[in-house]
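Reproduced below: run.cif, with mmCIF, C-alpha atoms.
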```
data_run
#
loop_
_atom_site.label_atom_id
_atom_site.label_comp_id
_atom_site.auth_asym_id
_atom_site.auth_seq_id
_atom_site.Cartn_x
_atom_site.Cartn_y
_atom_site.Cartn_z
CA MET A 802 186.08 -55.56 3.43
CA GLN A 803 188.65 -56.04 0.66
CA LEU A 804 190.08 -53.28 -1.49
CA SER A 805 191.71 -54.37 -4.72
CA VAL A 806 193.89 -52.15 -6.90
CA ARG A 807 195.36 -53.52 -10.12
CA ILE A 808 197.54 -51.85 -12.71
CA GLY A 809 197.93 -53.52 -16.10
CA THR A 810 199.87 -52.88 -19.32
CA ALA A 811 199.37 -54.90 -22.48
CA ALA A 812 200.09 -55.17 -26.17
CA PHE A 813 196.60 -56.30 -27.07
CA ALA A 814 195.49 -58.40 -30.08
CA ALA A 815 191.81 -57.92 -30.92
CA ALA A 816 191.74 -61.35 -32.55
CA LEU A 817 192.93 -63.44 -29.61
CA LEU A 818 189.86 -65.66 -29.80
CA GLY A 819 189.20 -65.17 -33.48
CA ALA A 820 185.67 -63.90 -32.81
CA TRP A 821 184.02 -60.84 -31.28
CA ALA A 822 183.94 -61.14 -27.52
CA THR A 823 180.68 -60.61 -25.67
CA GLY A 824 179.80 -60.00 -22.05
CA ALA A 825 180.16 -57.22 -19.57
CA GLY A 826 183.40 -58.42 -18.05
CA ALA A 827 182.34 -57.89 -14.46
CA ALA A 828 184.46 -59.49 -11.78
CA PRO A 829 183.04 -62.65 -10.14
CA PHE A 830 180.95 -61.95 -7.06
CA SER A 831 182.79 -62.28 -3.76
CA ASP A 832 181.25 -63.92 -0.69
CA GLU A 833 182.66 -61.05 1.37
CA PRO A 834 181.93 -57.32 0.97
CA MET A 835 184.53 -56.08 -1.50
CA ALA A 836 185.53 -52.94 -3.34
CA GLY A 837 188.12 -52.82 -6.08
CA SER A 838 189.53 -50.75 -8.91
CA MET A 839 191.75 -51.44 -11.88
CA PHE A 840 193.61 -49.50 -14.55
CA ARG A 841 194.35 -51.33 -17.80
CA TRP A 842 196.25 -50.20 -20.88
CA PHE A 843 196.35 -52.10 -24.17
CA THR A 844 198.21 -51.41 -27.38
CA ASP A 845 198.53 -53.57 -30.48
CA SER A 846 200.67 -53.78 -33.59
CA GLU A 847 198.37 -51.34 -35.38
CA LYS A 848 199.11 -48.76 -32.65
CA ILE A 849 195.52 -48.73 -31.40
CA GLY A 850 195.47 -47.98 -27.68
CA VAL A 851 192.81 -48.78 -25.07
CA ARG A 852 192.85 -47.37 -21.54
CA SER A 853 190.29 -48.69 -19.09
CA PHE A 854 189.45 -47.50 -15.60
CA LEU A 855 187.40 -50.20 -13.88
CA GLY A 856 185.78 -50.62 -10.50
CA ASP A 857 183.90 -53.38 -8.67
CA CYS A 858 182.08 -53.62 -5.40
CA SER A 859 179.88 -56.24 -3.75
CA LEU A 860 177.85 -56.30 -0.54
CA ALA A 861 174.90 -57.94 1.19
CA LEU A 862 171.70 -55.92 0.86
CA PHE A 863 168.23 -56.90 2.07
CA GLY A 864 169.16 -60.57 2.19
CA SER A 865 170.63 -60.58 -1.33
CA ALA A 866 174.19 -60.51 -2.62
CA VAL A 867 174.61 -57.42 -4.82
CA ALA A 868 177.57 -56.65 -7.10
CA VAL A 869 178.25 -53.62 -9.32
CA HIS A 870 180.91 -53.31 -12.02
CA TRP A 871 181.76 -50.18 -13.98
CA ASN A 872 184.26 -49.32 -16.68
CA ARG A 873 185.29 -46.12 -18.46
CA GLU A 874 187.24 -46.92 -21.59
CA ASN A 875 189.17 -44.67 -23.96
CA VAL A 876 190.04 -46.05 -27.39
CA THR A 877 192.64 -44.14 -29.39
CA ILE A 878 193.09 -44.78 -33.12
CA PRO A 879 196.26 -43.16 -34.51
CA ALA A 880 196.16 -40.55 -37.25
CA ILE A 881 197.03 -41.47 -40.81
CA GLU A 882 200.74 -40.95 -41.34
CA ALA A 883 200.87 -41.19 -45.14
CA PRO A 884 201.27 -37.96 -47.17
CA ILE A 885 198.02 -36.14 -47.95
CA GLY A 886 196.65 -37.23 -51.34
CA SER A 887 198.98 -40.22 -51.65
CA PRO A 888 197.54 -43.63 -52.66
CA GLU A 889 198.42 -44.93 -49.18
CA ALA A 890 196.46 -42.15 -47.51
CA ILE A 891 193.47 -42.55 -49.80
CA ASP A 892 193.39 -46.30 -49.18
CA ALA A 893 193.69 -45.83 -45.40
CA ILE A 894 190.85 -43.29 -45.33
CA THR A 895 188.59 -45.31 -47.63
CA THR A 896 188.89 -48.53 -45.64
CA ALA A 897 188.89 -46.92 -42.19
CA SER A 898 186.94 -48.71 -39.46
CA ARG A 899 186.00 -45.46 -37.75
CA PRO A 900 184.32 -42.18 -38.79
CA ILE A 901 186.42 -40.28 -41.31
CA SER A 902 184.19 -37.24 -41.70
CA GLY A 903 186.58 -35.34 -39.44
CA ASN A 904 190.33 -34.88 -39.88
CA ALA A 905 191.79 -38.32 -40.62
CA TYR A 906 195.26 -36.93 -39.95
CA GLN A 907 194.47 -36.45 -36.27
CA GLU A 908 194.04 -39.08 -33.59
CA PHE A 909 190.49 -40.36 -33.19
CA VAL A 910 189.34 -41.03 -29.62
CA LYS A 911 186.18 -42.86 -28.61
CA VAL A 912 184.94 -43.06 -25.00
CA ARG A 913 182.81 -45.91 -23.72
CA ASN A 914 181.12 -46.16 -20.32
CA GLU A 915 179.58 -49.37 -19.01
CA VAL A 916 177.83 -50.46 -15.82
CA THR A 917 176.73 -53.95 -14.75
CA GLY A 918 174.56 -54.76 -11.76
CA VAL A 919 174.10 -58.31 -10.43
CA ALA A 920 171.83 -59.46 -7.60
CA THR A 921 171.79 -63.02 -6.21
CA ARG A 922 169.25 -64.43 -3.78
CA GLY A 923 169.27 -68.15 -3.08
CA PRO A 924 169.47 -70.08 -6.37
CA ALA A 925 168.44 -67.10 -8.55
CA THR A 926 170.58 -64.37 -10.09
CA VAL A 927 169.46 -61.36 -12.15
CA GLU A 928 171.70 -58.98 -14.11
CA TYR A 929 171.45 -55.69 -15.98
CA TYR A 930 174.13 -54.24 -18.27
CA VAL A 931 174.35 -50.93 -20.10
CA SER A 932 177.15 -49.57 -22.30
CA SER A 933 177.17 -46.14 -23.95
CA GLU A 934 179.31 -44.65 -26.73
CA ASN A 935 178.77 -41.61 -28.91
CA ASP A 936 177.35 -43.82 -31.67
CA TYR A 937 176.27 -46.98 -29.80
CA LEU A 938 173.99 -47.81 -26.87
CA ALA A 939 173.86 -51.41 -25.64
CA GLN A 940 171.63 -52.84 -22.92
CA MET A 941 171.08 -56.36 -21.60
CA ILE A 942 168.95 -58.06 -18.96
CA GLY A 943 169.59 -61.62 -17.86
CA GLY A 944 169.06 -64.21 -15.22
CA ARG A 945 170.07 -67.71 -14.18
CA LEU A 946 168.99 -70.48 -11.82
CA GLN A 947 171.39 -72.83 -10.06
CA ARG A 948 170.64 -76.05 -8.21
CA ALA A 949 172.88 -78.57 -6.47
CA VAL A 950 171.84 -82.24 -6.53
CA SER A 951 173.38 -85.66 -5.75
CA ASP A 952 174.56 -84.56 -2.30
CA ASP A 953 176.01 -81.37 -3.76
CA GLN A 954 178.26 -83.37 -6.09
CA LEU A 955 176.44 -82.07 -9.18
CA THR A 956 175.48 -78.43 -9.87
CA LEU A 957 173.08 -77.54 -12.69
CA THR A 958 172.78 -74.00 -14.04
CA LEU A 959 170.37 -72.55 -16.60
CA GLY A 960 170.83 -69.01 -17.88
CA SER A 961 169.30 -66.61 -20.37
CA SER A 962 169.66 -62.98 -21.41
CA TRP A 963 168.18 -60.51 -23.87
CA GLY A 964 170.23 -57.68 -25.32
CA TRP A 965 169.16 -54.75 -27.48
CA ASP A 966 171.49 -52.24 -29.11
CA VAL A 967 170.86 -48.90 -30.81
CA ILE A 968 173.48 -47.99 -33.41
CA GLU A 969 173.70 -44.44 -34.75
CA PRO A 970 176.81 -44.04 -36.93
CA VAL A 971 178.34 -40.60 -37.13
CA ALA A 972 176.77 -38.66 -40.01
CA ASP A 973 178.51 -37.39 -43.16
CA ASP A 974 180.56 -40.56 -43.63
CA ASP A 975 180.45 -42.18 -47.05
CA THR A 976 179.90 -45.60 -45.48
CA ASP A 977 177.19 -44.43 -43.07
CA THR A 978 174.29 -46.90 -43.26
CA GLY A 979 172.03 -44.83 -41.01
CA ALA A 980 170.63 -45.66 -37.60
CA ASP A 981 169.98 -49.33 -36.95
CA THR A 982 169.39 -51.82 -34.14
CA ARG A 983 170.55 -55.25 -33.04
CA THR A 984 169.06 -57.79 -30.62
CA THR A 985 170.67 -60.85 -29.03
CA LEU A 986 168.95 -63.78 -27.35
CA HIS A 987 171.31 -65.91 -25.24
CA LEU A 988 170.64 -69.33 -23.66
CA ASP A 989 173.04 -71.59 -21.77
CA ALA A 990 173.03 -74.79 -19.73
CA VAL A 991 176.00 -75.86 -17.58
CA ALA A 992 176.59 -78.96 -15.45
CA THR A 993 179.48 -79.12 -12.95
CA ARG A 994 180.32 -82.52 -11.46
CA VAL A 995 182.72 -83.47 -8.67
CA LEU A 996 184.11 -86.78 -9.90
CA THR A 997 186.67 -87.39 -7.17
CA PRO A 998 188.15 -85.30 -4.32
CA THR A 999 190.77 -84.12 -6.83
CA THR A 1000 188.78 -83.97 -10.09
CA ILE A 1001 186.02 -81.63 -11.26
CA VAL A 1002 184.50 -81.58 -14.75
CA ARG A 1003 182.19 -78.99 -16.30
CA LEU A 1004 180.07 -79.39 -19.44
CA GLY A 1005 178.19 -76.59 -21.13
CA LEU A 1006 176.06 -75.62 -24.12
CA GLU A 1007 175.46 -72.06 -25.34
CA TYR A 1008 173.18 -70.60 -28.01
CA ASN A 1009 172.88 -67.05 -29.34
CA MET A 1010 170.44 -65.65 -31.87
CA VAL A 1011 171.55 -62.26 -33.20
CA ASN A 1012 169.39 -60.06 -35.44
CA GLY A 1013 170.18 -56.62 -36.85
CA LEU A 1014 173.26 -54.70 -37.94
CA GLN A 1015 176.34 -56.92 -37.61
CA HIS A 1016 178.96 -55.25 -39.82
CA ASN A 1017 181.10 -52.18 -39.30
CA PRO A 1018 179.13 -49.17 -40.63
CA TYR A 1019 182.39 -47.28 -41.20
CA ARG A 1020 184.28 -49.92 -43.20
CA ASN A 1021 184.51 -50.12 -47.00
CA VAL A 1022 185.45 -53.21 -48.98
CA TYR A 1023 187.29 -53.30 -52.31
CA ALA A 1024 184.92 -55.10 -54.66
CA GLY A 1025 184.45 -55.00 -58.43
CA GLY A 1026 187.30 -52.53 -58.86
CA THR A 1027 185.94 -49.94 -56.44
CA TYR A 1028 185.20 -49.39 -52.74
CA VAL A 1029 181.71 -50.21 -51.47
CA PRO A 1030 180.32 -50.39 -47.91
CA GLU A 1031 180.80 -53.60 -45.97
CA ARG A 1032 177.65 -55.69 -45.53
CA HIS A 1033 177.06 -58.79 -43.40
CA PRO A 1034 173.83 -60.82 -43.05
CA ASP A 1035 171.32 -59.42 -40.55
CA SER A 1036 170.68 -62.78 -38.87
CA ARG A 1037 173.19 -65.10 -37.18
CA GLN A 1038 172.83 -68.18 -35.02
CA ARG A 1039 175.86 -68.93 -32.83
CA ARG A 1040 176.28 -72.25 -31.01
CA ASP A 1041 179.06 -73.75 -28.92
CA ALA A 1042 179.74 -76.65 -26.58
CA PHE A 1043 182.59 -76.82 -24.08
CA VAL A 1044 184.16 -79.11 -21.53
CA LYS A 1045 186.49 -78.07 -18.69
CA LEU A 1046 188.50 -80.44 -16.52
CA ASN A 1047 190.19 -79.37 -13.28
CA GLN A 1048 192.62 -81.95 -11.93
CA TYR A 1049 194.77 -81.68 -8.81
CA LEU A 1050 198.21 -83.23 -9.28
CA SER A 1051 200.89 -84.19 -6.81
CA GLN A 1052 203.48 -81.75 -5.46
CA ARG A 1053 200.87 -78.97 -5.04
CA SER A 1054 200.19 -78.53 -8.73
CA SER A 1055 196.99 -78.62 -10.78
CA LEU A 1056 195.99 -78.94 -14.43
CA LYS A 1057 193.08 -77.19 -16.12
CA LEU A 1058 192.08 -78.40 -19.58
CA HIS A 1059 189.52 -76.50 -21.66
CA TYR A 1060 188.06 -77.44 -25.06
CA ARG A 1061 185.37 -75.56 -26.99
CA PHE A 1062 183.69 -76.23 -30.33
CA TYR A 1063 181.87 -73.33 -32.02
CA ASN A 1064 179.58 -73.24 -35.05
CA ASP A 1065 177.38 -70.54 -36.58
CA SER A 1066 174.95 -70.03 -39.44
CA TRP A 1067 177.51 -67.99 -41.38
CA GLY A 1068 179.62 -71.09 -41.96
CA ILE A 1069 182.28 -70.56 -39.30
CA ASP A 1070 183.41 -73.62 -37.34
CA SER A 1071 186.10 -73.28 -34.70
CA HIS A 1072 188.03 -75.38 -32.20
CA GLU A 1073 189.82 -74.09 -29.11
CA LEU A 1074 192.07 -76.10 -26.80
CA ALA A 1075 193.68 -74.51 -23.74
CA PRO A 1076 195.67 -76.36 -21.05
CA THR A 1077 196.88 -74.48 -17.96
CA LEU A 1078 199.37 -75.81 -15.39
CA SER A 1079 199.58 -74.16 -11.96
CA GLN A 1080 202.34 -74.88 -9.45
CA TYR A 1081 203.02 -73.65 -5.93
CA VAL A 1082 206.66 -72.70 -5.50
CA THR A 1083 206.19 -72.21 -1.76
CA ASP A 1084 203.41 -71.05 0.56
CA GLY A 1085 202.04 -67.83 -0.91
CA ALA A 1086 203.98 -68.03 -4.19
CA SER A 1087 202.69 -69.77 -7.31
CA MET A 1088 203.32 -69.89 -11.06
CA ARG A 1089 200.98 -70.56 -13.96
CA PHE A 1090 201.86 -71.77 -17.45
CA GLN A 1091 199.27 -71.67 -20.20
CA TYR A 1092 198.89 -72.42 -23.88
CA ARG A 1093 195.94 -71.85 -26.21
CA TRP A 1094 195.41 -73.15 -29.73
CA TYR A 1095 192.58 -71.82 -31.85
CA SER A 1096 191.46 -72.56 -35.41
CA GLN A 1097 188.46 -71.49 -37.47
CA THR A 1098 187.07 -71.74 -40.99
CA ALA A 1099 186.02 -68.70 -43.00
CA ALA A 1100 182.49 -67.33 -43.24
CA ASP A 1101 180.62 -68.43 -46.38
CA PHE A 1102 180.62 -64.91 -47.80
CA HIS A 1103 184.24 -64.00 -47.04
CA ARG A 1104 186.64 -63.68 -49.94
CA ASP A 1105 190.16 -62.33 -50.24
CA GLU A 1106 188.96 -60.56 -53.38
CA TYR A 1107 185.45 -59.75 -54.64
CA PHE A 1108 185.14 -59.57 -58.44
CA THR A 1109 181.79 -57.75 -58.44
CA THR A 1110 180.28 -55.09 -56.19
CA ASN A 1111 177.56 -57.62 -55.29
CA GLY A 1112 180.14 -59.67 -53.40
CA VAL A 1113 178.68 -63.07 -52.44
CA ASP A 1114 174.89 -62.99 -52.54
CA GLY A 1115 175.04 -59.28 -51.73
CA TYR A 1116 177.40 -59.67 -48.75
CA ARG A 1117 180.94 -58.29 -48.51
CA SER A 1118 183.38 -58.34 -45.60
CA GLY A 1119 186.65 -56.59 -44.84
CA ASP A 1120 186.77 -58.12 -41.34
CA TYR A 1121 189.70 -60.51 -40.87
CA ARG A 1122 187.69 -62.29 -38.17
CA MET A 1123 185.49 -63.63 -40.96
CA ALA A 1124 188.53 -65.26 -42.65
CA ALA A 1125 190.10 -68.64 -41.96
CA LEU A 1126 192.41 -68.30 -38.98
CA SER A 1127 194.62 -70.30 -36.66
CA SER A 1128 196.48 -68.93 -33.66
CA HIS A 1129 198.70 -69.81 -30.70
CA LEU A 1130 199.15 -68.18 -27.32
CA PHE A 1131 201.83 -68.91 -24.72
CA GLY A 1132 201.79 -67.39 -21.27
CA VAL A 1133 203.40 -67.46 -17.84
CA ALA A 1134 202.17 -65.79 -14.64
CA PHE A 1135 203.44 -65.25 -11.08
CA ASP A 1136 201.27 -64.73 -8.01
CA LEU A 1137 202.41 -63.66 -4.53
CA ASP A 1138 200.35 -63.57 -1.32
CA PHE A 1139 202.33 -61.64 1.28
CA ASP A 1140 200.25 -62.98 4.16
CA ALA A 1141 200.90 -66.61 3.22
CA LEU A 1142 204.56 -65.73 2.69
CA ALA A 1143 204.61 -64.46 6.30
CA VAL A 1144 206.58 -61.34 5.40
CA PRO A 1145 208.08 -59.76 8.55
CA VAL A 1146 206.49 -56.34 8.03
CA GLN A 1147 202.93 -56.59 9.35
CA ALA A 1148 201.68 -53.68 7.25
CA LEU A 1149 202.55 -55.61 4.07
CA ARG A 1150 200.64 -58.76 5.03
CA PRO A 1151 197.36 -57.71 3.31
CA LEU A 1152 199.16 -57.23 -0.03
CA GLY A 1153 199.01 -59.53 -3.03
CA LEU A 1154 200.98 -59.15 -6.25
CA TRP A 1155 200.62 -60.80 -9.65
CA PHE A 1156 202.39 -60.49 -12.99
CA SER A 1157 201.79 -62.20 -16.34
CA VAL A 1158 203.33 -62.22 -19.82
CA GLU A 1159 201.70 -63.71 -22.92
CA ARG A 1160 202.79 -64.05 -26.53
CA TYR A 1161 200.17 -64.36 -29.27
CA PHE A 1162 200.53 -64.95 -33.01
CA ASN A 1163 198.23 -66.14 -35.79
CA SER A 1164 198.29 -67.36 -39.38
CA ASN A 1165 197.37 -63.93 -40.73
CA ASP A 1166 200.75 -62.41 -39.83
CA TYR A 1167 199.42 -60.78 -36.67
CA SER A 1168 201.20 -61.01 -33.34
CA ALA A 1169 200.96 -59.38 -29.95
CA ASN A 1170 202.58 -59.25 -26.54
CA ILE A 1171 200.33 -59.07 -23.49
CA VAL A 1172 201.79 -57.89 -20.18
CA GLU A 1173 199.73 -57.37 -17.04
CA SER A 1174 200.59 -56.63 -13.44
CA GLY A 1175 198.39 -56.19 -10.43
CA LEU A 1176 198.31 -55.30 -6.78
CA THR A 1177 195.61 -56.23 -4.25
CA TYR A 1178 195.06 -55.03 -0.71
CA ARG A 1179 192.71 -56.78 1.72
CA PHE A 1180 191.39 -55.41 4.95
#
```

When written as structure tokens, how does the structure in this file appear?
Amino acid sequence: MQLSVRIGTAAFAAALLGAWATGAGAAPFSDEPMAGSMFRWFTDSEKIGVRSFLGDCSLALFGSAVAVHWNRENVTIPAIEAPIGSPEAIDAITTASRPISGNAYQEFVKVRNEVTGVATRGPATVEYYVSSENDYLAQMIGGRLQRAVSDDQLTLTLGSSWGWDVIEPVADDDTDTGADTRTTLHLDAVATRVLTPTTIVRLGLEYNMVNGLQHNPYRNVYAGGTYVPERHPDSRQRRDAFVKLNQYLSQRSSLKLHYRFYNDSWGIDSHELAPTLSQYVTDGASMRFQYRWYSQTAADFHRDEYFTTNGVDGYRSGDYRMAALSSHLFGVAFDLDFDALAVPVQALRPLGLWFSVERYFNSNDYSANIVESGLTYRF
């Protein structure tokens, strides 16, 4: 069995990919029985903090491989610091992205709990996900089939999931739109091909159909000389295609190259290119250098300024992720395996240590530092 303990600190940018991230975030299933835990702390330039306590375990049960992931997350939004009644305070309260019915001059804390269960038997995998907050309940069921052909040189995977969310914004807020729902249908097809003993390529297509509430029920937008609730369309089709190339190089190094094109029915097109170079320094010690470039167009209904309260065809957005955006990320990571390093103290052999630093900045004057460190113990 393997026990993994990781401790992370980060200055976190919510716009690192320029779009809302989806997925449960469970760790990949291990072929061996495994139990692990992680503590993660994020903070960004807006002083929003996120603390996560995560755990993972996997085991063989009744002929199936079973994995469970859980996460308890605390999000802290700082209190308004402007003087009471000042224009700055009024603006901050009016455009807040969280409930303001309470005391806006005190920290606001939201707690989220999530659990993911995955079971794999032969070529089939099924998954269930649930996430609960005081104003949001999300659930998802999914499955996928995998088959190897061409003497195991080609692997084909088909996957699908169905998610349904219940959204109940906190009452007594002037932007409260009332209880609502959202559903998401996801489909994907992935092909992984071994081209040579040192080259692997992966091609994939993904499709999502989202229906229901898709704007922030707590956010106001300045339109027509006043503040009105944000409103996004209730239907959105999201499509993307990607290619990943893994290439072993000489001198114990490897290159991973990732490209993704994204398009949706709201008018957003995006491109993402991410090369990663990994290099062994010695047995048990490696370094990783990465770069990511991302660029997207704005949603059809996004404007820097709305001249009427109707916005664009009745839609209004204060979400910067709906605006045109380009970003860059640079990162370096170090990984140590004490067993492969043959450290003289036998008790330290099961330990592994990693550390990474990333720098992110985008065209909307937003930047972030991301620092993570981790410790693993195998036994």

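With the shown file loaded, the PyMOL selection byres ((chain A and resi 1134) around 6) picks out Met1088, Arg1089, Val1133, Phe1135, Phe1156 and Ser1157 of chain A.
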
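If all atoms listed in the file are the atoms counted, then among A:Gln1038, A:Asn1017, A:Ser846, A:Thr1110 the closest residue to Asp1166 in chain A is A:Ser846.
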
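Our summary of the geometry notes that CA of Asn1047 in chain A is positioned 27.7 Å from CA of His870 in chain A.
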
Using only C-alpha atoms, which residues sit within 6 Å of range 1019-1023 of chain A once same-chain residues fewer than 5 positions away are excluded, as a PyMOL selection string? chain A and resi 896-900+976+1028-1031+1119

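Nearest to His1033 in chain A of all the residues A:Val991, A:Ile1069, A:Leu1006, A:Val1113 is A:Val1113, counting all atoms listed in the file.
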
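In this model, the gap between CA of Ser932 in chain A and CA of Gly864 in chain A comes to 28.0 Å.
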
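Of note, CA of Asn872 in chain A and CA of Leu860 in chain A are spaced 18.7 Å apart.
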
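Once the PyMOL selection byres ((chain A and resi 1048-1054) around 6) is applied to this file, the selection holds A:Thr999, A:Thr1000, A:Asn1047, A:Ser1055, A:Leu1056, A:Ser1079, A:Gln1080, A:Tyr1081.
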
So that I can check the surroundings of Val912 in chain A, please list as number ranges by chain every protein, DNA and RNA residue that reaches within 7 Å of it, counting all atoms listed in the file and ignoring chain neighbours fewer than 2 positions away. A: 874-876, 910, 914, 934

Atoms to include: C-alpha atoms. Write the selected residues as an mmCIF file, in the frame of the given file.
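Contents of part-v2.cif, as written:
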```
data_model
loop_
_atom_site.group_PDB
_atom_site.id
_atom_site.type_symbol
_atom_site.label_atom_id
_atom_site.label_comp_id
_atom_site.auth_asym_id
_atom_site.auth_seq_id
_atom_site.Cartn_x
_atom_site.Cartn_y
_atom_site.Cartn_z
ATOM 1 C CA GLU A 874 187.240 -46.920 -21.590
ATOM 2 C CA ASN A 875 189.170 -44.670 -23.960
ATOM 3 C CA VAL A 876 190.040 -46.050 -27.390
ATOM 4 C CA VAL A 910 189.340 -41.030 -29.620
ATOM 5 C CA ASN A 914 181.120 -46.160 -20.320
ATOM 6 C CA GLU A 934 179.310 -44.650 -26.730
#
```

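The residues caught by the PyMOL selection byres ((chain A and resi 968) around 8) in this file are Asp936, Tyr937, Leu938, Asp966, Val967, Glu969, Pro970, Ala980, Asp981, Thr982 and Arg983 of chain A.
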
Using only C-alpha atoms for the distances, tell me which of A:Ile885, A:Val950, A:Leu959, A:Val1082 is nearest to Asp1138 in chain A. A:Val1082
